[in-house]
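K.L.:
I am attaching a structure below and will ask some questions about it afterwards.
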Amino acid sequence: MKQGIHPKYYHQAKVNCSCGYQFTTGSTQETIEVEVCSHCHPFYTGQQKFVDVRGRIDKFNEKVAKGKSYTKKTKKGKK
């Protein structure tokens, strides 16, 4: 293998979850910030939890509204 082209590997990389849980793992990054870990993920906990669903729905509705207003403008201009 070529020397000097590989990133530095941290054997004790710290992972911080938004729920407050912290653990260590190996990574090329010294610290990692995650939103969902095995202690708060619904698959592992068995509890239903919506993560940022409201924000995604709002973004989708904004896109739909922009699309409708755009089609109204283009139809008015073609008459």
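Ligands are numbered from 1 in the order shown, residues from 1 within each chain, and chains are lettered A, B, ... in the order they appear in the structure tokens.
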Which of chain A end up as helix (DSSP H, G or I) when DSSP is run on this backbone - answer as number ranges by chain?
P.N.:
A: 42-45, 53-78
K.L.:
Could those residues be written to a file, using N, CA and C atoms, as a short mmCIF file (atom, residue, chain, number, x, y, z; two decimals), in the first residue's frame?
P.N.:
data_model
loop_
_atom_site.label_atom_id
_atom_site.label_comp_id
_atom_site.auth_asym_id
_atom_site.auth_seq_id
_atom_site.Cartn_x
_atom_site.Cartn_y
_atom_site.Cartn_z
N PRO A 42 -36.40 3.43 17.30
CA PRO A 42 -37.62 2.65 17.53
C PRO A 42 -37.46 1.15 17.27
N PHE A 43 -36.62 0.75 16.35
CA PHE A 43 -36.44 -0.67 16.06
C PHE A 43 -35.89 -1.41 17.26
N TYR A 44 -34.98 -0.78 17.99
CA TYR A 44 -34.35 -1.44 19.14
C TYR A 44 -35.14 -1.24 20.43
N THR A 45 -35.83 -0.12 20.57
CA THR A 45 -36.55 0.16 21.81
C THR A 45 -37.97 -0.40 21.80
N VAL A 53 -40.46 14.37 11.47
CA VAL A 53 -41.49 14.12 10.46
C VAL A 53 -42.21 15.41 10.12
N ARG A 54 -42.49 16.22 11.11
CA ARG A 54 -43.24 17.46 10.87
C ARG A 54 -42.47 18.37 9.92
N GLY A 55 -41.18 18.48 10.08
CA GLY A 55 -40.39 19.34 9.21
C GLY A 55 -40.40 18.85 7.77
N ARG A 56 -40.35 17.56 7.56
CA ARG A 56 -40.37 17.00 6.22
C ARG A 56 -41.72 17.23 5.55
N ILE A 57 -42.81 17.07 6.31
CA ILE A 57 -44.14 17.28 5.76
C ILE A 57 -44.33 18.74 5.37
N ASP A 58 -43.86 19.65 6.22
CA ASP A 58 -43.97 21.07 5.91
C ASP A 58 -43.19 21.42 4.65
N LYS A 59 -41.99 20.87 4.49
CA LYS A 59 -41.20 21.13 3.29
C LYS A 59 -41.91 20.61 2.05
N PHE A 60 -42.52 19.42 2.15
CA PHE A 60 -43.24 18.85 1.02
C PHE A 60 -44.43 19.72 0.65
N ASN A 61 -45.21 20.16 1.64
CA ASN A 61 -46.37 21.01 1.36
C ASN A 61 -45.96 22.33 0.73
N GLU A 62 -44.84 22.89 1.13
CA GLU A 62 -44.34 24.13 0.52
C GLU A 62 -44.00 23.90 -0.95
N LYS A 63 -43.36 22.77 -1.26
CA LYS A 63 -43.02 22.46 -2.64
C LYS A 63 -44.27 22.30 -3.50
N VAL A 64 -45.28 21.62 -2.95
CA VAL A 64 -46.53 21.43 -3.68
C VAL A 64 -47.20 22.77 -3.95
N ALA A 65 -47.23 23.65 -2.96
CA ALA A 65 -47.84 24.97 -3.13
C ALA A 65 -47.09 25.79 -4.18
N LYS A 66 -45.77 25.73 -4.18
CA LYS A 66 -44.98 26.45 -5.18
C LYS A 66 -45.26 25.90 -6.58
N GLY A 67 -45.39 24.60 -6.69
CA GLY A 67 -45.67 23.97 -7.98
C GLY A 67 -47.03 24.38 -8.50
N LYS A 68 -48.04 24.44 -7.63
CA LYS A 68 -49.38 24.85 -8.05
C LYS A 68 -49.39 26.31 -8.49
N SER A 69 -48.71 27.17 -7.76
CA SER A 69 -48.69 28.59 -8.14
C SER A 69 -47.94 28.77 -9.46
N TYR A 70 -46.92 27.96 -9.69
CA TYR A 70 -46.17 28.05 -10.95
C TYR A 70 -47.03 27.63 -12.14
N THR A 71 -47.79 26.56 -11.97
CA THR A 71 -48.64 26.10 -13.08
C THR A 71 -49.76 27.09 -13.36
N LYS A 72 -50.29 27.77 -12.33
CA LYS A 72 -51.31 28.80 -12.54
C LYS A 72 -50.74 29.96 -13.33
N LYS A 73 -49.50 30.36 -13.03
CA LYS A 73 -48.88 31.47 -13.75
C LYS A 73 -48.64 31.12 -15.21
N THR A 74 -48.19 29.90 -15.47
CA THR A 74 -47.90 29.51 -16.85
C THR A 74 -49.17 29.35 -17.65
N LYS A 75 -50.26 28.91 -17.04
CA LYS A 75 -51.54 28.78 -17.76
C LYS A 75 -52.12 30.14 -18.09
N LYS A 76 -51.96 31.12 -17.21
CA LYS A 76 -52.46 32.48 -17.48
C LYS A 76 -51.72 33.12 -18.64
N GLY A 77 -50.44 32.87 -18.74
CA GLY A 77 -49.62 33.48 -19.78
C GLY A 77 -49.87 32.89 -21.14
N LYS A 78 -50.38 31.66 -21.25
CA LYS A 78 -50.59 30.99 -22.54
C LYS A 78 -51.90 31.38 -23.20
#
K.L.:
Residues at most 9 Å from A:Glu30, counting only C-alpha atoms, excluding those fewer than 5 positions away in the same chain, as an MDAnalysis selection string?
P.N.:
chainID A and resid 9:15
K.L.:
Atoms to include: N, CA and C atoms. Write the selected residues as a PDB file, in the first residue's frame.
P.N.:
ATOM      1  N   TYR A   9      -6.637   6.985  11.645  1.00  0.00           N
ATOM      2  CA  TYR A   9      -7.679   6.155  12.241  1.00  0.00           C
ATOM      3  C   TYR A   9      -7.652   6.322  13.754  1.00  0.00           C
ATOM      4  N   TYR A  10      -8.808   6.671  14.327  1.00  0.00           N
ATOM      5  CA  TYR A  10      -8.934   6.836  15.773  1.00  0.00           C
ATOM      6  C   TYR A  10      -9.582   5.575  16.351  1.00  0.00           C
ATOM      7  N   HIS A  11      -8.861   4.884  17.211  1.00  0.00           N
ATOM      8  CA  HIS A  11      -9.386   3.664  17.816  1.00  0.00           C
ATOM      9  C   HIS A  11     -10.419   3.964  18.897  1.00  0.00           C
ATOM     10  N   GLN A  12     -10.359   5.142  19.493  1.00  0.00           N
ATOM     11  CA  GLN A  12     -11.279   5.534  20.553  1.00  0.00           C
ATOM     12  C   GLN A  12     -12.080   6.760  20.128  1.00  0.00           C
ATOM     13  N   ALA A  13     -12.755   6.694  18.995  1.00  0.00           N
ATOM     14  CA  ALA A  13     -13.582   7.803  18.524  1.00  0.00           C
ATOM     15  C   ALA A  13     -14.847   7.877  19.381  1.00  0.00           C
ATOM     16  N   LYS A  14     -15.231   9.093  19.784  1.00  0.00           N
ATOM     17  CA  LYS A  14     -16.398   9.278  20.643  1.00  0.00           C
ATOM     18  C   LYS A  14     -17.626   9.576  19.777  1.00  0.00           C
ATOM     19  N   VAL A  15     -18.711   8.861  20.066  1.00  0.00           N
ATOM     20  CA  VAL A  15     -19.974   9.065  19.368  1.00  0.00           C
ATOM     21  C   VAL A  15     -20.964   9.662  20.352  1.00  0.00           C
TER      22      VAL A  15
END
K.L.:
Any idea what the distance is between atom CA of A:Ser38 and atom CA of A:Asn16?
P.N.:
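So the two atoms, atom CA of A:Ser38 and atom CA of A:Asn16, lie 11.8 Å apart.
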K.L.:
So that I can check the secondary structure, give me every residue of chain A assigned strand (DSSP E) by backbone DSSP, as a list in words.
P.N.:
Tyr10, His11, Gln12, Ala13, Lys14, Val15, Asn16, Cys17, Gln22, Phe23, Thr24, Thr25, Gly26, Ser27, Thr31, Ile32, Glu33 and Val34 of chain A
K.L.:
Keeping only C-alpha atoms, write the selected residues to a file as a short mmCIF file (atom, residue, chain, number, x, y, z; two decimals), in the first residue's frame.
P.N.:
data_model
loop_
_atom_site.label_atom_id
_atom_site.label_comp_id
_atom_site.auth_asym_id
_atom_site.auth_seq_id
_atom_site.Cartn_x
_atom_site.Cartn_y
_atom_site.Cartn_z
CA TYR A 10 -8.93 6.84 15.77
CA HIS A 11 -9.39 3.66 17.82
CA GLN A 12 -11.28 5.53 20.55
CA ALA A 13 -13.58 7.80 18.52
CA LYS A 14 -16.40 9.28 20.64
CA VAL A 15 -19.97 9.06 19.37
CA ASN A 16 -22.52 11.50 20.85
CA CYS A 17 -26.24 10.97 20.27
CA GLN A 22 -22.26 8.34 24.41
CA PHE A 23 -20.05 5.45 23.35
CA THR A 24 -16.70 4.84 21.67
CA THR A 25 -15.87 3.11 18.42
CA GLY A 26 -13.20 3.11 15.74
CA SER A 27 -13.43 5.75 13.01
CA THR A 31 -15.91 12.74 17.31
CA ILE A 32 -19.18 11.82 15.63
CA GLU A 33 -22.57 13.49 16.26
CA VAL A 34 -25.63 11.34 15.49
#
K.L.:
Just the number, please: distance in Å from atom CA of A:Tyr21 to atom CA of A:Cys40, one decimal.
P.N.:
8.8 Å
